[in-house]
Amino acid sequence: MSVAERFRSFTGSIGPTWLAGAIAAGPATMASLITGGASFGYTLLWVALLSAILGAVSQYLAMRLGLLTEAGIVAVVEEHLGNTWAWLLVVDAVLAAGLAQLVIMKTVAGVSATITGIDARAWAVVWALVLAAGLAGGGYRLAETGAKLLVSLVVLAFLASLFVVPIDLSAAAGGLVPRIPAGVDGALVAAGILGGAVHVTLVTMQSYTMDAHGWSRDDIDLARFDVGLSMLGAFGIYSLAIFLVAASVLHGPGVSGAELTATAAAQALGPLVGDAASWLFLVGLWGAAVSTLGANTVVPPYLLADKFGWERDVSDDRYRAAIVVVALAGIGGVFIGGEAFPLLVLTLAFGLVGTPFALAVVLYLLNDRQAVPETNSTLANVGGLALVGVTAVTAGSFLQGQVASGLTPVTLFVLAFAVVLAVATVLLLALFVRERFDGTDTTAESMG
C-alpha cells in the first residue's frame, strides 16, 4: 500500500482522539488563550505551542494503555492497584468534568443568547434536553461524529481569522522564548492554557473511546495517526490561531484581559479588523462550546459505568440514566455568578491540579508487566515523567497564586484535594522508579 493510500485509509478510520480533541478545543481553552493573548501579548505563545505537544504526548500514553489492556482505565487501575486507587481516579476526573459541565453550559447558553436575543436560562434548558435526548439515544457514535464535525468547523473558523488579522511576526517569534509574566495572573493563565490540552478528563477518556471504536493493539499505527492529526494538527492549529488573533488585536490599553467576556472580545474585534472576524470569533466560540459540552457530558457516565461494572453504551439503562443526569445537571451552570471567561480559565486550572496523578497512574501501569504485555520504552518514560513534572509545576504555581489571593472554603477544598493526589502521585512515582531502576517486578500494594 502506497503512502497516499495508507493516508486515505487512516483518514477514513479516525475518531477516538477527536472526542478528546473536542473537549480540549473548547471554550475553556479558548478563554485561556484569549485571556493570555489579550493580557500579555505574544509572551505566552510558547505555552500555547507547548500545550499541543504535551497534549499529544499525554494522549499517546493514554492511547497505549487503552490498546495494550483493551479495557477501561478504571477497571485496570482497580485490578492492578486496588479499589481505593480506582476511586481516587474516578473522583478526580468526575469533579473536574462536573465543574466543567456547569461552566461550559453557562458559556453555551450565554453565547446562544447573544446570537439570538433569547434568555440564557431558556437556552440552558434547551441544550440540556438536546444533550439528554441525543446522547442517551445515539450514544458514542453520535458524540464522535458531532465532535469531528464541530471541531473541524471551529478550526476552520479561527484559521480564517488569521487572514484578516495583522500578525506581528517579529513579536510572535519573541513569544517562543519560555517565560511566565510576573504576578498571579500570569501563572493562572499559563495553567489554564496548559490545562486545556493536558487534562485528567482527556487522559481517562482515551481508553473508553478506543474501546468504543473497537480498536485493539493491532491498530497501533492508526491510533498514532489519530492522536497526531487530532492533537498536533487540529488542536495545535486551533490553539495557535486563537492565541495569535488575541495577541495581535486584543492586547492593548483599550481591552482588559482580566475583565474580558465573550461578547466584549467579539465586539472588540469588530471595529479593529471588521465584522467578519467578529462573527467568525462568535460562531467559533459557540461551536467550540457546543462540541465540548457534548463530549464532556459522557465523561462521568463512562467512568462510573466502568467502576460499577455497567455496560458502557446506551443498551444499559443505568448508563443512559447517568447521561441524562449529567446533561440536566448542567442547567445549574447558568445560575453561577461571574463572567464566563474568568470562570473557564479557573475551571481548566482546577482540572490541571488532578492531572499529574492521572498521568502517574498511566505511566505506572505502562511499566507494570502484569498490566501490559509490552512495557514503555525509555523515551516514552522520559516523555511521561517530563509531562508529570511540567503539569505538577504549573498546577503548583496556580495553587500558590490562589493561596496568595486569600484562603476561602473553595481554596481550602482544592488545596486538600491537591495534597491527597500529590501524596498518591509521589507514591506511584517512587514505586515506578524502584521497579525501573532496581530491576524488580513488584506491583503497588493495594490501598483497598
# chains A, B, ... in the order shown; residues from 1 in each chain; ligands from 1

$ residues_around --residues "range 391-407 of chain A" --least-positions-apart "3" --cutoff "8 Å" --atoms "only C-alpha atoms" --output "NGL selection string"
:A and (184-185 or 187-188 or 190-191 or 194 or 198 or 349 or 352-353 or 355-356 or 387-388 or 411-412 or 415)

$ closest_residue --among "A:Val108, A:Asn381, A:Leu304, A:Ile167" --to "Leu250 in chain A" --atoms "only C-alpha atoms"
A:Ile167

$ residues_around --residues "range 61-75 of chain A" --least-positions-apart "3" --cutoff "9 Å" --atoms "only C-alpha atoms" --output "PyMOL selection string"
chain A and resi 17+56-58+78-80+85-87+89-90+202-211+215-220+223-224+227+302-304+306-307+309+359+362-363+365-366+371-374+376+380+384

$ closest_residue --among "A:Ile180, A:Ile242, A:Leu348, A:Ala424" --to "Thr43 in chain A" --atoms "only C-alpha atoms"
A:Ile180

$ atom_distance --atom1 "CA of Ile193 in chain A" --atom2 "CA of Ser248 in chain A"
17.5 Å

$ residues_around --residues "Ile118 in chain A" --least-positions-apart "6" --cutoff "10 Å" --atoms "only C-alpha atoms" --output "compact mmCIF listing (two decimals) with N, CA, C and O atoms, in the first residue's frame"
# COMPACT_ATOMS: atom_id res chain seq x y z
N ALA A 109 -25.03 28.69 26.80
CA ALA A 109 -26.29 29.43 26.94
C ALA A 109 -26.08 30.92 26.73
O ALA A 109 -26.90 31.60 26.09
N GLY A 110 -24.98 31.45 27.25
CA GLY A 110 -24.70 32.87 27.09
C GLY A 110 -24.44 33.28 25.65
O GLY A 110 -24.95 34.30 25.18
N SER A 112 -25.42 31.59 22.98
CA SER A 112 -26.68 31.39 22.26
C SER A 112 -27.61 32.58 22.47
O SER A 112 -28.30 33.03 21.53

$ closest_residue --among "A:Val299, A:Ala171, A:Ala122, A:Leu88" --to "Thr425 in chain A" --atoms "only C-alpha atoms"
A:Leu88

$ atom_distance --atom1 "CA of Phe357 in chain A" --atom2 "CA of Gly98 in chain A"
18.0 Å

$ residues_around --residues "Ser377 in chain A" --least-positions-apart "5" --cutoff "10 Å" --atoms "only C-alpha atoms" --output "list in words"
Leu366, Asn367, Val382 and Gly383 of chain A

$ write_last_selection --atoms "C-alpha atoms" --output "mmCIF file, in the first residue's frame"
data_model
loop_
_atom_site.group_PDB
_atom_site.id
_atom_site.type_symbol
_atom_site.label_atom_id
_atom_site.label_comp_id
_atom_site.auth_asym_id
_atom_site.auth_seq_id
_atom_site.Cartn_x
_atom_site.Cartn_y
_atom_site.Cartn_z
ATOM 1 C CA LEU A 366 2.525 1.100 31.287
ATOM 2 C CA ASN A 367 5.577 -0.167 33.191
ATOM 3 C CA VAL A 382 11.164 10.218 29.799
ATOM 4 C CA GLY A 383 8.324 11.959 27.966
#

$ residues_around --residues "Val334 in chain A" --least-positions-apart "4" --cutoff "7 Å" --atoms "only C-alpha atoms" --output "PyMOL selection string"
chain A and resi 105-106+121+124

$ residues_around --residues "Met30 in chain A" --least-positions-apart "5" --cutoff "9 Å" --atoms "only C-alpha atoms" --output "tab-separated table (two decimals) with N, CA and C atoms, in the first residue's frame"
chain	number	residue	atom	x	y	z
A	25	ALA	N	-10.45	21.36	22.65
A	25	ALA	CA	-10.68	22.56	21.83
A	25	ALA	C	-12.01	23.21	22.20
A	35	THR	N	-7.44	35.19	26.95
A	35	THR	CA	-7.01	35.96	28.12
A	35	THR	C	-5.50	36.13	28.12
A	193	ILE	N	-4.02	27.53	29.99
A	193	ILE	CA	-3.68	27.14	28.62
A	193	ILE	C	-3.18	25.70	28.58
A	196	GLY	N	-5.85	23.01	29.21
A	196	GLY	CA	-6.77	22.71	28.13
A	196	GLY	C	-6.37	21.50	27.31
A	238	TYR	N	-5.83	25.17	16.14
A	238	TYR	CA	-6.86	25.87	16.92
A	238	TYR	C	-6.21	26.78	17.97
A	239	SER	N	-5.30	26.23	18.75
A	239	SER	CA	-4.67	26.99	19.84
A	239	SER	C	-3.85	28.16	19.32
A	242	ILE	N	-6.09	31.02	17.66
A	242	ILE	CA	-6.81	31.84	18.65
A	242	ILE	C	-5.84	32.75	19.39
A	243	PHE	N	-4.71	32.19	19.83
A	243	PHE	CA	-3.76	32.99	20.60
A	243	PHE	C	-3.21	34.13	19.76
A	285	LEU	N	-16.59	30.36	18.89
A	285	LEU	CA	-16.80	30.14	20.32
A	285	LEU	C	-18.03	29.28	20.56
A	288	ALA	N	-17.27	25.66	19.48
A	288	ALA	CA	-16.37	25.00	20.42
A	288	ALA	C	-17.10	24.65	21.71
A	341	PHE	N	-15.61	33.87	30.94
A	341	PHE	CA	-14.21	33.69	30.59
A	341	PHE	C	-13.32	33.44	31.82
A	344	LEU	N	-14.00	29.99	33.14
A	344	LEU	CA	-13.47	28.93	32.28
A	344	LEU	C	-11.98	28.71	32.53
A	345	VAL	N	-11.24	29.80	32.66
A	345	VAL	CA	-9.80	29.69	32.94
A	345	VAL	C	-9.58	28.98	34.28

$ select_by_dssp --residues "range 192-235 of chain A" --states "alpha helix (DSSP H)" --output "JSON, numbers by chain"
{"A": [192, 193, 194, 195, 196, 197, 200, 201, 202, 203, 204, 205, 206, 207, 208, 209, 210, 211, 212, 220, 221, 222, 223, 224, 225, 226, 227]}

$ write_last_selection --atoms "N, CA and C atoms" --output "tab-separated table (two decimals), in the first residue's frame"
chain	number	residue	atom	x	y	z
A	192	GLY	N	-4.08	27.57	32.84
A	192	GLY	CA	-5.30	27.38	32.06
A	192	GLY	C	-5.01	26.91	30.65
A	193	ILE	N	-4.02	27.53	29.99
A	193	ILE	CA	-3.68	27.14	28.62
A	193	ILE	C	-3.18	25.70	28.58
A	194	LEU	N	-2.28	25.36	29.51
A	194	LEU	CA	-1.75	24.00	29.54
A	194	LEU	C	-2.82	23.00	29.94
A	195	GLY	N	-3.69	23.41	30.87
A	195	GLY	CA	-4.75	22.52	31.32
A	195	GLY	C	-5.77	22.19	30.25
A	196	GLY	N	-5.85	23.01	29.21
A	196	GLY	CA	-6.77	22.71	28.13
A	196	GLY	C	-6.37	21.50	27.31
A	197	ALA	N	-5.06	21.24	27.23
A	197	ALA	CA	-4.56	20.13	26.41
A	197	ALA	C	-4.19	18.91	27.23
A	200	VAL	N	-7.13	15.79	33.12
A	200	VAL	CA	-7.48	14.47	33.64
A	200	VAL	C	-8.62	13.83	32.85
A	201	THR	N	-9.59	14.63	32.40
A	201	THR	CA	-10.71	14.04	31.64
A	201	THR	C	-10.25	13.49	30.29
A	202	LEU	N	-9.30	14.17	29.65
A	202	LEU	CA	-8.79	13.69	28.36
A	202	LEU	C	-8.01	12.39	28.54
A	203	VAL	N	-7.18	12.34	29.57
A	203	VAL	CA	-6.37	11.16	29.82
A	203	VAL	C	-7.24	9.95	30.13
A	204	THR	N	-8.24	10.12	30.98
A	204	THR	CA	-9.07	8.98	31.38
A	204	THR	C	-10.01	8.53	30.27
A	205	MET	N	-10.46	9.45	29.42
A	205	MET	CA	-11.42	9.09	28.38
A	205	MET	C	-10.79	8.30	27.23
A	206	GLN	N	-9.48	8.40	27.06
A	206	GLN	CA	-8.86	7.80	25.87
A	206	GLN	C	-9.09	6.29	25.78
A	207	SER	N	-9.02	5.59	26.90
A	207	SER	CA	-9.21	4.13	26.86
A	207	SER	C	-10.64	3.78	26.47
A	208	TYR	N	-11.60	4.60	26.87
A	208	TYR	CA	-13.00	4.31	26.56
A	208	TYR	C	-13.32	4.59	25.10
A	209	THR	N	-12.75	5.64	24.55
A	209	THR	CA	-13.00	5.93	23.14
A	209	THR	C	-12.37	4.87	22.24
A	210	MET	N	-11.19	4.37	22.63
A	210	MET	CA	-10.57	3.28	21.87
A	210	MET	C	-11.46	2.04	21.88
A	211	ASP	N	-11.96	1.70	23.06
A	211	ASP	CA	-12.81	0.52	23.20
A	211	ASP	C	-14.12	0.69	22.44
A	212	ALA	N	-14.73	1.89	22.52
A	212	ALA	CA	-15.99	2.13	21.82
A	212	ALA	C	-15.82	2.05	20.32
A	220	ILE	N	-2.33	0.00	16.37
A	220	ILE	CA	-1.43	0.98	16.98
A	220	ILE	C	-1.01	2.07	16.00
A	221	ASP	N	-0.74	1.72	14.74
A	221	ASP	CA	-0.33	2.74	13.77
A	221	ASP	C	-1.48	3.72	13.49
A	222	LEU	N	-2.67	3.18	13.36
A	222	LEU	CA	-3.84	4.02	13.13
A	222	LEU	C	-4.08	4.93	14.34
A	223	ALA	N	-3.88	4.40	15.53
A	223	ALA	CA	-4.09	5.18	16.75
A	223	ALA	C	-3.06	6.32	16.85
A	224	ARG	N	-1.82	6.04	16.48
A	224	ARG	CA	-0.80	7.10	16.48
A	224	ARG	C	-1.20	8.22	15.51
A	225	PHE	N	-1.65	7.83	14.33
A	225	PHE	CA	-2.08	8.81	13.34
A	225	PHE	C	-3.25	9.63	13.87
A	226	ASP	N	-4.17	8.97	14.55
A	226	ASP	CA	-5.35	9.63	15.11
A	226	ASP	C	-4.94	10.68	16.15
A	227	VAL	N	-4.00	10.32	17.02
A	227	VAL	CA	-3.52	11.25	18.04
A	227	VAL	C	-2.81	12.44	17.39

$ atom_distance --atom1 "CA of Gly389 in chain A" --atom2 "CA of Pro300 in chain A"
26.4 Å
